[in-house]
$ cat upload-v6.txt   # compact mmCIF, C-alpha atoms and all ligand atoms
# COMPACT_ATOMS: atom_id res chain seq x y z
CA MET A 1 -4.40 -14.65 -11.53
CA THR A 2 -3.59 -11.02 -11.06
CA ILE A 3 -5.07 -9.03 -8.16
CA PRO A 4 -8.39 -7.53 -9.28
CA PHE A 5 -8.02 -3.77 -9.52
CA ASN A 6 -11.29 -2.75 -11.13
CA HIS A 7 -14.98 -3.53 -11.35
CA LEU A 8 -15.21 -4.45 -15.00
CA GLU A 9 -16.25 -7.81 -16.27
CA ALA A 10 -16.07 -9.11 -19.81
CA ILE A 11 -19.05 -11.43 -20.18
CA ILE A 12 -18.33 -14.13 -22.71
CA HIS A 13 -20.89 -16.30 -24.47
CA PRO A 14 -19.10 -19.40 -25.81
CA ASP A 15 -22.44 -20.78 -27.07
CA ARG A 16 -22.71 -17.83 -29.45
CA ILE A 17 -19.25 -18.57 -30.82
CA VAL A 18 -20.40 -22.12 -31.52
CA GLN A 19 -23.56 -20.77 -33.16
CA ASN A 20 -21.48 -18.46 -35.37
CA TRP A 21 -19.11 -21.31 -36.25
CA ARG A 22 -22.04 -23.48 -37.36
CA LYS A 23 -23.38 -20.66 -39.48
CA LEU A 24 -19.96 -20.10 -41.07
CA GLU A 25 -19.77 -23.81 -41.95
CA GLN A 26 -23.23 -23.59 -43.51
CA ILE A 27 -22.14 -20.65 -45.63
CA GLY A 28 -18.61 -21.63 -46.57
CA GLY A 29 -18.12 -25.32 -45.88
CA LYS A 30 -15.44 -26.67 -43.59
CA ALA A 31 -14.26 -23.95 -41.19
CA TYR A 32 -11.16 -24.12 -39.00
CA ALA A 33 -12.09 -21.94 -36.04
CA VAL A 34 -9.37 -19.34 -35.45
CA ILE A 35 -8.90 -19.04 -31.68
CA LYS A 36 -5.45 -17.42 -31.62
CA ALA A 37 -4.52 -14.69 -29.14
CA ASP A 38 -6.69 -16.14 -26.36
CA ALA A 39 -9.61 -16.47 -28.80
CA TYR A 40 -9.50 -12.76 -29.69
CA GLY A 41 -9.78 -11.97 -25.99
CA HIS A 42 -12.64 -14.39 -25.30
CA GLY A 43 -10.65 -16.96 -23.29
CA VAL A 44 -9.22 -19.77 -25.33
CA LEU A 45 -9.84 -22.69 -22.97
CA LYS A 46 -13.54 -22.04 -22.42
CA VAL A 47 -14.03 -21.28 -26.11
CA THR A 48 -12.31 -24.46 -27.23
CA GLU A 49 -14.23 -26.51 -24.66
CA ALA A 50 -17.46 -25.25 -26.24
CA LEU A 51 -16.15 -25.97 -29.73
CA GLU A 52 -15.14 -29.47 -28.66
CA ARG A 53 -18.67 -30.14 -27.36
CA ALA A 54 -19.93 -29.01 -30.77
CA HIS A 55 -17.49 -31.48 -32.43
CA ALA A 56 -15.36 -28.80 -34.08
CA HIS A 57 -12.74 -30.70 -36.02
CA THR A 58 -9.93 -28.16 -36.43
CA ILE A 59 -8.89 -25.00 -34.60
CA CYS A 60 -6.11 -22.48 -35.22
CA ALA A 61 -4.11 -21.29 -32.23
CA GLY A 62 -1.35 -18.69 -32.41
CA SER A 63 1.83 -19.82 -30.67
CA VAL A 64 2.80 -23.46 -30.20
CA GLU A 65 2.55 -22.86 -26.46
CA GLU A 66 -1.07 -21.77 -26.84
CA ALA A 67 -1.79 -24.84 -28.96
CA VAL A 68 -0.21 -27.12 -26.35
CA ALA A 69 -2.26 -25.54 -23.55
CA ILE A 70 -5.43 -26.29 -25.52
CA ARG A 71 -4.35 -29.90 -26.09
CA LYS A 72 -3.51 -30.34 -22.40
CA ASN A 73 -6.96 -28.99 -21.57
CA GLY A 74 -8.41 -31.93 -23.49
CA PHE A 75 -9.18 -30.74 -27.01
CA SER A 76 -9.13 -33.86 -29.17
CA GLY A 77 -9.44 -32.40 -32.68
CA ARG A 78 -6.73 -30.93 -34.87
CA ILE A 79 -4.90 -27.92 -33.42
CA MET A 80 -2.88 -25.71 -35.72
CA SER A 81 -0.29 -23.14 -34.68
CA LEU A 82 -0.43 -20.16 -37.03
CA LEU A 83 2.82 -18.71 -35.73
CA GLY A 84 4.58 -22.06 -36.15
CA PRO A 85 7.71 -23.24 -34.35
CA GLN A 86 9.75 -20.25 -33.18
CA LEU A 87 11.37 -21.30 -29.91
CA ASP A 88 13.78 -24.24 -29.63
CA GLN A 89 11.32 -26.20 -27.50
CA ASP A 90 8.48 -25.75 -30.00
CA TYR A 91 9.77 -28.45 -32.36
CA ALA A 92 9.50 -31.30 -29.90
CA LEU A 93 6.22 -29.94 -28.50
CA CYS A 94 4.63 -30.07 -31.95
CA ALA A 95 5.35 -33.76 -32.28
CA THR A 96 4.52 -34.72 -28.70
CA PHE A 97 1.18 -32.92 -28.66
CA GLN A 98 0.39 -33.47 -32.34
CA ILE A 99 0.13 -29.78 -33.12
CA ILE A 100 -0.02 -28.83 -36.81
CA PRO A 101 2.33 -25.88 -37.22
CA PHE A 102 2.38 -23.44 -40.08
CA VAL A 103 5.76 -23.96 -41.72
CA GLY A 104 7.19 -21.45 -44.16
CA GLN A 105 10.94 -22.02 -44.02
CA VAL A 106 13.04 -25.06 -44.92
CA PRO A 107 15.02 -25.14 -41.63
CA GLN A 108 11.73 -25.43 -39.74
CA LEU A 109 10.79 -28.46 -41.81
CA ARG A 110 14.10 -30.15 -41.14
CA ARG A 111 14.00 -29.49 -37.41
CA LEU A 112 10.42 -30.74 -37.15
CA ASP A 113 11.40 -33.88 -39.01
CA ALA A 114 14.38 -34.45 -36.73
CA SER A 115 12.34 -34.03 -33.52
CA ALA A 116 9.59 -36.28 -34.75
CA ALA A 117 12.13 -38.93 -35.77
CA ALA A 118 13.81 -38.72 -32.36
CA ALA A 119 10.46 -39.20 -30.64
CA GLY A 120 9.34 -41.94 -33.02
CA LEU A 121 6.31 -39.87 -33.97
CA ARG A 122 4.89 -38.44 -37.17
CA GLN A 123 4.68 -34.69 -37.58
CA PRO A 124 1.68 -33.24 -39.43
CA VAL A 125 2.38 -29.79 -40.90
CA ALA A 126 0.55 -27.03 -42.72
CA LEU A 127 2.73 -25.50 -45.44
CA LYS A 128 2.31 -21.75 -45.48
CA PHE A 129 2.72 -19.95 -48.79
CA ASP A 130 3.05 -16.21 -49.12
CA THR A 131 0.90 -15.17 -52.08
CA GLY A 132 0.84 -11.45 -51.36
CA MET A 133 0.84 -10.60 -47.66
CA ASN A 134 4.63 -10.55 -47.75
CA ARG A 135 4.63 -11.72 -44.19
CA LEU A 136 5.39 -15.37 -43.44
CA GLY A 137 5.71 -18.34 -45.73
CA PHE A 138 7.40 -19.88 -48.73
CA VAL A 139 6.96 -17.86 -51.89
CA PRO A 140 5.17 -19.71 -54.71
CA GLU A 141 8.33 -19.65 -56.85
CA GLN A 142 9.98 -21.81 -54.18
CA VAL A 143 7.54 -24.66 -54.51
CA ALA A 144 9.70 -26.73 -56.84
CA SER A 145 12.61 -26.60 -54.43
CA VAL A 146 10.46 -27.13 -51.33
CA LEU A 147 8.92 -30.31 -52.71
CA PRO A 148 12.12 -32.42 -52.53
CA GLU A 149 12.74 -31.07 -49.03
CA ILE A 150 9.33 -32.32 -48.00
CA GLN A 151 9.95 -35.65 -49.66
CA SER A 152 13.22 -36.05 -47.79
CA CYS A 153 11.52 -35.43 -44.42
CA SER A 154 10.46 -38.98 -43.69
CA HIS A 155 8.54 -38.15 -40.50
CA VAL A 156 6.65 -35.12 -41.81
CA ASP A 157 3.17 -35.34 -43.29
CA VAL A 158 1.85 -32.35 -45.16
CA CYS A 159 -1.81 -32.34 -44.20
CA MET A 160 -2.61 -28.75 -45.15
CA VAL A 161 -1.44 -26.08 -47.54
CA CYS A 162 -2.46 -22.53 -46.68
CA SER A 163 -2.10 -18.91 -47.63
CA HIS A 164 -3.68 -15.71 -46.36
CA LEU A 165 -5.47 -12.90 -48.21
CA ALA A 166 -4.38 -9.29 -47.73
CA VAL A 167 -7.43 -7.34 -48.95
CA ALA A 168 -10.39 -9.72 -49.02
CA ASP A 169 -12.42 -7.15 -47.07
CA ASP A 170 -11.99 -4.50 -49.79
CA SER A 171 -14.17 -4.88 -52.89
CA SER A 172 -12.09 -2.29 -54.78
CA GLU A 173 -9.10 -4.65 -54.53
CA GLN A 174 -10.69 -7.70 -56.14
CA ASN A 175 -7.89 -7.97 -58.67
CA PHE A 176 -5.24 -8.39 -56.03
CA THR A 177 -7.35 -10.95 -54.18
CA HIS A 178 -7.84 -12.94 -57.37
CA LYS A 179 -4.14 -12.77 -58.13
CA GLN A 180 -3.50 -14.28 -54.69
CA GLY A 181 -6.09 -16.95 -55.48
CA GLN A 182 -4.35 -17.81 -58.74
CA ARG A 183 -0.92 -17.99 -57.14
CA PHE A 184 -2.35 -20.24 -54.45
CA SER A 185 -4.04 -22.52 -57.00
CA THR A 186 -0.78 -22.93 -58.85
CA VAL A 187 0.98 -24.06 -55.69
CA VAL A 188 -1.85 -26.39 -54.67
CA ASN A 189 -2.00 -27.98 -58.11
CA TYR A 190 1.76 -28.43 -58.27
CA LEU A 191 1.88 -30.22 -54.93
CA ARG A 192 -1.16 -32.36 -55.74
CA ASP A 193 0.32 -33.33 -59.09
CA ALA A 194 3.39 -34.45 -57.16
CA GLY A 195 1.17 -36.82 -55.20
CA LEU A 196 0.74 -34.95 -51.91
CA GLN A 197 -2.68 -35.20 -50.27
CA PHE A 198 -3.80 -32.30 -48.13
CA GLU A 199 -6.54 -29.78 -47.43
CA ALA A 200 -6.03 -26.39 -49.04
CA SER A 201 -7.17 -23.25 -47.20
CA LEU A 202 -6.96 -19.63 -48.29
CA SER A 203 -9.77 -17.54 -46.83
CA SER A 204 -10.37 -16.03 -43.42
CA SER A 205 -13.73 -14.39 -42.49
CA PRO A 206 -13.85 -11.73 -45.24
CA GLY A 207 -12.72 -14.17 -47.93
CA LEU A 208 -15.22 -16.78 -46.75
CA LEU A 209 -18.07 -14.27 -46.87
CA ALA A 210 -17.16 -12.20 -49.94
CA HIS A 211 -15.29 -14.63 -52.17
CA PRO A 212 -17.14 -17.92 -52.67
CA GLU A 213 -14.97 -18.43 -55.77
CA LEU A 214 -11.89 -18.71 -53.53
CA ARG A 215 -13.11 -21.56 -51.36
CA PHE A 216 -10.66 -24.37 -51.43
CA ASP A 217 -11.16 -27.22 -48.93
CA ALA A 218 -11.52 -25.17 -45.77
CA GLN A 219 -11.80 -21.58 -44.55
CA ARG A 220 -10.25 -20.04 -41.45
CA PRO A 221 -12.74 -17.60 -39.93
CA GLY A 222 -11.80 -15.60 -36.85
CA ILE A 223 -13.60 -12.31 -36.37
CA SER A 224 -17.00 -13.57 -37.58
CA LEU A 225 -16.88 -16.33 -34.97
CA TYR A 226 -16.92 -13.62 -32.35
CA GLY A 227 -19.69 -11.63 -34.04
CA GLY A 228 -17.44 -8.91 -35.51
CA ASN A 229 -18.13 -7.63 -39.01
CA PRO A 230 -14.97 -7.40 -41.14
CA PHE A 231 -16.83 -5.26 -43.70
CA TRP A 232 -18.07 -2.62 -41.26
CA GLY A 233 -18.30 0.76 -42.96
CA THR A 234 -17.84 -0.66 -46.47
CA GLU A 235 -20.27 -1.37 -49.28
CA ASN A 236 -20.06 -5.08 -48.37
CA GLU A 237 -21.24 -4.45 -44.83
CA ALA A 238 -24.39 -6.57 -45.18
CA LEU A 239 -22.25 -9.64 -45.98
CA GLY A 240 -20.72 -9.58 -42.50
CA GLU A 241 -23.97 -9.17 -40.57
CA GLY A 242 -25.97 -11.90 -38.89
CA PHE A 243 -23.32 -13.16 -36.48
CA VAL A 244 -23.96 -12.83 -32.75
CA PRO A 245 -21.55 -10.76 -30.65
CA ALA A 246 -19.94 -13.05 -28.08
CA MET A 247 -18.45 -10.45 -25.72
CA GLU A 248 -20.06 -7.84 -23.51
CA LEU A 249 -18.27 -5.50 -21.12
CA ARG A 250 -20.01 -4.42 -17.95
CA SER A 251 -19.00 -2.14 -15.14
CA ARG A 252 -20.82 -0.07 -12.52
CA VAL A 253 -21.75 3.47 -11.68
CA TYR A 254 -19.71 4.90 -8.82
CA GLN A 255 -21.37 8.27 -8.26
CA VAL A 256 -23.99 10.53 -9.86
CA HIS A 257 -23.92 14.32 -9.64
CA PRO A 258 -25.06 17.46 -11.41
CA LEU A 259 -22.72 19.38 -13.70
CA LYS A 260 -23.76 23.02 -13.98
CA LYS A 261 -23.68 24.99 -17.20
CA GLY A 262 -20.11 26.23 -17.71
CA GLU A 263 -18.49 23.58 -15.51
CA THR A 264 -16.03 21.06 -16.90
CA VAL A 265 -15.38 17.42 -16.12
CA SER A 266 -12.17 15.41 -15.82
CA TYR A 267 -8.52 16.19 -16.64
CA GLY A 268 -7.69 18.89 -19.12
CA ARG A 269 -11.22 20.34 -18.91
CA THR A 270 -11.89 19.09 -22.44
CA PHE A 271 -15.66 18.94 -21.89
CA LYS A 272 -17.58 22.02 -20.80
CA ALA A 273 -21.32 21.82 -20.04
CA GLU A 274 -23.44 24.01 -22.32
CA HIS A 275 -26.44 23.53 -20.05
CA ASP A 276 -27.10 21.96 -16.68
CA MET A 277 -26.47 18.25 -16.84
CA GLN A 278 -26.44 15.08 -14.79
CA VAL A 279 -23.21 13.09 -14.85
CA ALA A 280 -22.46 9.52 -13.79
CA ILE A 281 -18.90 8.63 -12.90
CA VAL A 282 -18.39 5.02 -13.92
CA GLY A 283 -15.72 2.38 -13.35
CA GLY A 284 -13.51 1.89 -16.39
CA GLY A 285 -10.48 3.70 -17.73
CA TYR A 286 -7.43 3.21 -19.84
CA ALA A 287 -5.96 0.77 -17.29
CA ASP A 288 -8.89 -1.44 -18.29
CA ASN A 289 -8.33 -0.84 -22.00
CA ILE A 290 -11.14 1.72 -22.14
CA LEU A 291 -8.80 3.55 -24.44
CA ARG A 292 -8.09 7.21 -23.81
CA CYS A 293 -8.89 7.94 -27.44
CA LEU A 294 -12.52 7.14 -26.53
CA SER A 295 -12.59 10.37 -24.50
CA ASN A 296 -15.60 12.55 -25.37
CA ARG A 297 -16.62 10.01 -28.00
CA THR A 298 -17.74 6.53 -27.20
CA LEU A 299 -21.23 5.58 -26.09
CA VAL A 300 -22.22 3.25 -23.26
CA THR A 301 -25.64 2.01 -22.19
CA ILE A 302 -27.19 2.56 -18.77
CA HIS A 303 -30.76 1.44 -18.06
CA GLU A 304 -30.82 0.28 -21.72
CA LYS A 305 -30.29 3.83 -22.98
CA ARG A 306 -27.28 5.11 -24.83
CA ALA A 307 -25.14 7.77 -23.17
CA ARG A 308 -21.94 9.51 -24.21
CA LEU A 309 -18.61 9.71 -22.40
CA LEU A 310 -17.76 13.23 -21.31
CA GLY A 311 -14.24 14.56 -21.00
CA ARG A 312 -11.07 12.55 -20.78
CA VAL A 313 -11.04 8.90 -19.89
CA CYS A 314 -8.98 8.55 -16.68
CA MET A 315 -6.95 5.54 -15.56
CA GLN A 316 -9.87 3.83 -13.82
CA MET A 317 -12.89 6.06 -14.33
CA ALA A 318 -14.85 7.91 -16.96
CA ALA A 319 -17.76 10.38 -16.89
CA VAL A 320 -21.04 9.73 -18.70
CA ASP A 321 -23.84 12.12 -19.60
CA VAL A 322 -26.96 10.67 -17.97
CA SER A 323 -29.06 13.86 -18.19
CA HIS A 324 -31.67 12.01 -20.26
CA ILE A 325 -31.77 8.88 -18.05
CA SER A 326 -33.72 9.13 -14.82
CA GLY A 327 -32.96 7.32 -11.60
CA VAL A 328 -29.32 6.37 -12.21
CA GLN A 329 -27.79 5.25 -8.91
CA PRO A 330 -24.35 4.18 -7.70
CA GLY A 331 -24.02 0.45 -8.30
CA ASP A 332 -26.12 0.44 -11.47
CA ASP A 333 -24.78 -1.48 -14.43
CA VAL A 334 -23.02 0.39 -17.19
CA TRP A 335 -22.28 -1.44 -20.44
CA PHE A 336 -19.28 -0.39 -22.50
CA LEU A 337 -20.10 -3.16 -24.96
CA GLY A 338 -23.30 -5.15 -25.43
CA GLY A 339 -25.75 -5.50 -22.58
CA PRO A 340 -29.54 -5.62 -22.50
CA GLY A 341 -31.90 -3.42 -24.48
CA GLU A 342 -32.74 -2.69 -28.09
CA ASN A 343 -29.59 -0.84 -29.01
CA PRO A 344 -26.47 -2.19 -27.33
CA VAL A 345 -23.16 -0.59 -28.30
CA ARG A 346 -21.36 -2.60 -30.97
CA VAL A 347 -17.67 -3.30 -31.03
CA GLU A 348 -17.37 -1.66 -34.45
CA GLU A 349 -18.74 1.62 -33.12
CA ILE A 350 -16.12 1.63 -30.38
CA ALA A 351 -13.41 0.82 -32.91
CA ASP A 352 -14.56 3.71 -35.11
CA CYS A 353 -14.17 6.15 -32.21
CA CYS A 354 -10.46 5.33 -32.08
CA GLY A 355 -9.80 4.77 -35.76
CA THR A 356 -9.17 1.08 -35.23
CA ILE A 357 -10.88 -2.25 -35.97
CA SER A 358 -13.15 -4.54 -33.98
CA TYR A 359 -10.35 -7.11 -33.68
CA GLU A 360 -8.20 -4.76 -31.61
CA VAL A 361 -11.05 -3.72 -29.32
CA LEU A 362 -12.01 -7.35 -28.60
CA CYS A 363 -8.41 -8.33 -27.84
CA LEU A 364 -8.10 -5.37 -25.46
CA PHE A 365 -11.49 -5.52 -23.73
CA GLY A 366 -11.03 -9.26 -23.28
CA GLN A 367 -8.02 -8.62 -21.07
CA ASN A 368 -10.41 -7.68 -18.27
CA GLN A 369 -11.75 -10.24 -15.81
CA ARG A 370 -14.02 -12.62 -17.65
CA ARG A 371 -17.26 -14.26 -16.67
CA PHE A 372 -18.56 -17.05 -18.86
CA ALA A 373 -22.28 -17.08 -19.50
C1 LIG B 401 -6.06 -14.31 -37.82
C2 LIG B 401 -6.01 -15.19 -39.00
C3 LIG B 401 -7.19 -15.68 -39.57
C4 LIG B 401 -8.57 -15.20 -39.17
O1 LIG B 401 -8.82 -13.94 -39.74
P1 LIG B 401 -10.23 -13.18 -39.52
O2 LIG B 401 -10.11 -11.96 -40.36
O3 LIG B 401 -10.31 -12.86 -38.07
O4 LIG B 401 -11.31 -14.09 -39.95
C5 LIG B 401 -7.06 -16.62 -40.58
N1 LIG B 401 -5.83 -17.04 -41.01
C6 LIG B 401 -4.69 -16.56 -40.50
C7 LIG B 401 -3.40 -17.03 -41.03
C8 LIG B 401 -4.73 -15.61 -39.48
O5 LIG B 401 -3.59 -15.13 -38.98
$ encode --input "upload-v6.txt" --output "structure tokens" --more "lines below"
Ligand SMILES: *Cc1c(COP(=O)(O)O)cnc(C)c1O
Amino acid sequence: MTIPFNHLEAIIHPDRIVQNWRKLEQIGGKAYAVIKADAYGHGVLKVTEALERAHAHTICAGSVEEAVAIRKNGFSGRIMSLLGPQLDQDYALCATFQIIPFVGQVPQLRRLDASAAAAGLRQPVALKFDTGMNRLGFVPEQVASVLPEIQSCSHVDVCMVCSHLAVADDSSEQNFTHKQGQRFSTVVNYLRDAGLQFEASLSSSPGLLAHPELRFDAQRPGISLYGGNPFWGTENEALGEGFVPAMELRSRVYQVHPLKKGETVSYGRTFKAEHDMQVAIVGGGYADNILRCLSNRTLVTIHEKRARLLGRVCMQMAAVDVSHISGVQPGDDVWFLGGPGENPVRVEEIADCCGTISYEVLCLFGQNQRRFA
């Protein structure tokens, strides 16, 4: 635990993640909950404990180390590692802790087989095929040469075959998405014809929600579990609604003072008052991942009313226009994300202020101290 240096708290609602997961399974069938990168900033152990209580069957961690930590914490279902074995120690860890790694290179297969054999264990794996991301994985053209490799690995069981869509969130790119779907089908059929038995999985949240025709045996939703909308700002936006945000970010007001017409606030004097105002200085700055690009842009809520940041975000503080909110006092709650009231600030709005996506904001905000509701 690092020494607390601020007064921000990310408030996490694991029950809402469970609720979103159930809804995703209702919509798209079997869903492997993606909890990589510390559950998108939500705290992977608490999130997986909640998923375990809800009898979630399969979860996707990032690194093998993350997967092992979840297993050691008591998760009894299937744990995948999307990054697969990278470090020397990862191979033995996968067998010992029965982690299902993504595997996209022949040497990884051989090393996994050797470690499992040495330990007298079986090694379940998820074969990863690259159908268009051009990131990790075997290419579909390799499938004929990969098959005998698999067959010669006597301790490896292929339990999943996966790929990942590059533009499932973009309805103008349907052709590319369908091409990926076709490439994936070809691979899946080839391996099934050869007698392998496995679950096939292609779609993450946007594919699950926008492409029912690309549902294989399971989907891998991430962002929708946490209440983010992968279609924000697109014509498909409605498809991503209806999931409950699972993170809120709260801090406190430090001081309230008037700002006279013509005066400026914060470094660089980037905000100048056009009329007399009331300003609250609040805890939260770029050291807390209240990104500096939110300067003069993002909204917060105080007393359930929206208010805009004024001037540059500092390392640990920011200024807020509270001219329209009466009775703001030092110690009052300020919500950078979520909070009570009719109109809490959404993660997508914050992302828009900085030209980024909800995923990045959640990962960053979640690095603050967390409280679990
Ligand atoms: C992160 C990730 C997902 C989840 O994606 P979302 O867009 O958050 O639903 C699924 N599969 C893989 C391979 C991933 O890396």
$ closest_residue --input "upload-v6.txt" --among "A:Arg135, A:Arg71, A:Arg22, A:Lys261" --to "ligand LIG 401 (chain B)" --atoms "all atoms listed in the file"
A:Arg135
$ closest_residue --input "upload-v6.txt" --among "A:Gln219, A:Gln89, A:Asn6, A:Thr301" --to "Glu25 of chain A" --atoms "all atoms listed in the file"
A:Gln219
$ closest_atom_pairs --input "upload-v6.txt" --of "chain A" --to "ligand LIG 401 (chain B)" --cutoff "10 Å" --atoms "all atoms listed in the file" --output "tab-separated table"
residue	atom	partner	partner_atom	distance
A:Tyr32	CA	B:LIG401	C5	8.7
A:Ala33	CA	B:LIG401	C4	8.2
A:Val34	CA	B:LIG401	C4	5.6
A:Ile35	CA	B:LIG401	C1	8.3
A:Lys36	CA	B:LIG401	C1	7.0
A:Ala37	CA	B:LIG401	C1	8.8
A:Ala39	CA	B:LIG401	C1	9.9
A:Tyr40	CA	B:LIG401	O3	8.4
A:Cys60	CA	B:LIG401	N1	7.9
A:Ala61	CA	B:LIG401	C1	9.2
A:Gly62	CA	B:LIG401	O5	7.8
A:Ser81	CA	B:LIG401	C7	9.3
A:Leu82	CA	B:LIG401	C7	5.9
A:Leu83	CA	B:LIG401	O5	8.0
A:Phe102	CA	B:LIG401	C7	8.7
A:Lys128	CA	B:LIG401	C7	8.6
A:Leu136	CA	B:LIG401	C7	9.3
A:Cys162	CA	B:LIG401	C7	7.9
A:Ser163	CA	B:LIG401	C7	7.0
A:His164	CA	B:LIG401	C7	5.5
A:Leu165	CA	B:LIG401	N1	8.3
A:Ala166	CA	B:LIG401	O2	9.7
A:Ala168	CA	B:LIG401	O2	8.9
A:Asp169	CA	B:LIG401	O2	8.6
A:Ser201	CA	B:LIG401	N1	8.9
A:Leu202	CA	B:LIG401	N1	7.8
A:Ser203	CA	B:LIG401	C5	6.9
A:Ser204	CA	B:LIG401	O4	4.1
A:Ser205	CA	B:LIG401	O4	3.5
A:Pro206	CA	B:LIG401	O2	6.2
A:Gly207	CA	B:LIG401	O4	8.1
A:Leu208	CA	B:LIG401	O4	8.3
A:Leu209	CA	B:LIG401	O4	9.7
A:Gln219	CA	B:LIG401	C5	7.9
A:Arg220	CA	B:LIG401	C5	4.8
A:Pro221	CA	B:LIG401	O4	3.8
A:Gly222	CA	B:LIG401	O3	3.3
A:Ile223	CA	B:LIG401	O3	3.7
A:Ser224	CA	B:LIG401	O4	6.2
A:Leu225	CA	B:LIG401	O4	7.8
A:Tyr226	CA	B:LIG401	O3	8.8
A:Gly228	CA	B:LIG401	O3	8.5
A:Asn229	CA	B:LIG401	O2	9.2
A:Pro230	CA	B:LIG401	O2	6.7
A:Ser358	CA	B:LIG401	O3	9.7
A:Tyr359	CA	B:LIG401	O3	7.2
$ residues_around --input "upload-v6.txt" --residues "segment 42-57 of chain A" --least-positions-apart "5" --cutoff "8 Å" --atoms "only C-alpha atoms" --output "NGL selection string"
:A and (12 or 14-15 or 17-18 or 32-33 or 35-37 or 70 or 73 or 75-78 or 246-247 or 362-363 or 366 or 370 or 372)
$ residues_around --input "upload-v6.txt" --residues "Phe271 of chain A" --least-positions-apart "5" --cutoff "7 Å" --atoms "only C-alpha atoms" --output "PyMOL selection string"
chain A and resi 264-265+310-311
$ closest_atom_pairs --input "upload-v6.txt" --of "segment 4-23 of chain A" --to "segment 325-342 of chain A" --cutoff "10 Å" --atoms "all atoms listed in the file" --output "tab-separated table"
residue	atom	partner	partner_atom	distance
A:Leu8	CA	A:Trp335	CA	9.4
A:Glu9	CA	A:Trp335	CA	9.7
A:Ala10	CA	A:Leu337	CA	8.8
A:Ile11	CA	A:Gly338	CA	9.2
$ residues_around --input "upload-v6.txt" --residues "Gly283 of chain A" --least-positions-apart "3" --cutoff "7 Å" --atoms "only C-alpha atoms" --output "list in words"
His7, Ser251, Arg252, Val253, Tyr254, Gln316, Met317 and Ala318 of chain A
$ atom_distance --input "upload-v6.txt" --atom1 "atom CA of Leu121 of chain A" --atom2 "atom CA of Ile150 of chain A"
16.2 Å
